[in-house]
Amino acid sequence: MAIDPVCNMEVDEETAPGHTTYDGQDFYFCSLTCQQKFEHDPGQFIDTQAA
Ligand SMILES: [Zn+2]
């Protein structure tokens, strides 16, 4: 399982409606809406200090 960084829902990598890579990491989303929010402003949703 992966965590949708936008809404913090658990999503299955195999069936996730949305997927993108950012800064070398894979991110999965529960919906295209969450993916679009993430791609609009990735820095809002990821903890850059953890990378
Ligand atoms: Zn979501």
# chains A, B, ... in the order shown; residues from 1 in each chain; ligands from 1
>>> residues_around(residues="range 39-44 of chain A", least_positions_apart="4", cutoff="9 Å", atoms="only C-alpha atoms", output="list of chain:residue names")
A:Val6, A:Thr20, A:Tyr22, A:Cys34, A:Gln35, A:Thr48
>>> select_by_dssp(residues="chain A", states="helix (DSSP H, G or I)", output="PyMOL selection string")
chain A and resi 32-40+42-44+48-50
>>> closest_atom_pairs(of="chain A", to="ligand 1", cutoff="7 Å", atoms="only C-alpha atoms and all ligand atoms", output="CSV")
residue,atom,partner,partner_atom_place_in_ligand_line,distance
A:Asp4,CA,ligand 1,1 (Zn),5.3
A:Val6,CA,ligand 1,1 (Zn),5.4
A:Cys7,CA,ligand 1,1 (Zn),4.4
A:Asn8,CA,ligand 1,1 (Zn),6.6
A:Met9,CA,ligand 1,1 (Zn),5.9
A:Phe29,CA,ligand 1,1 (Zn),5.2
A:Cys30,CA,ligand 1,1 (Zn),4.3
A:Ser31,CA,ligand 1,1 (Zn),5.7
A:Cys34,CA,ligand 1,1 (Zn),4.7
>>> closest_residue(among="A:Val11, A:Ala16, A:Ala2, A:Phe27", to="Ile46 in chain A", atoms="only C-alpha atoms")
A:Phe27
>>> atom_distance(atom1="CA of Tyr28 in chain A", atom2="CA of Ile3 in chain A")
6.9 Å
>>> atom_distance(atom1="CA of Phe38 in chain A", atom2="CA of Glu13 in chain A")
16.6 Å
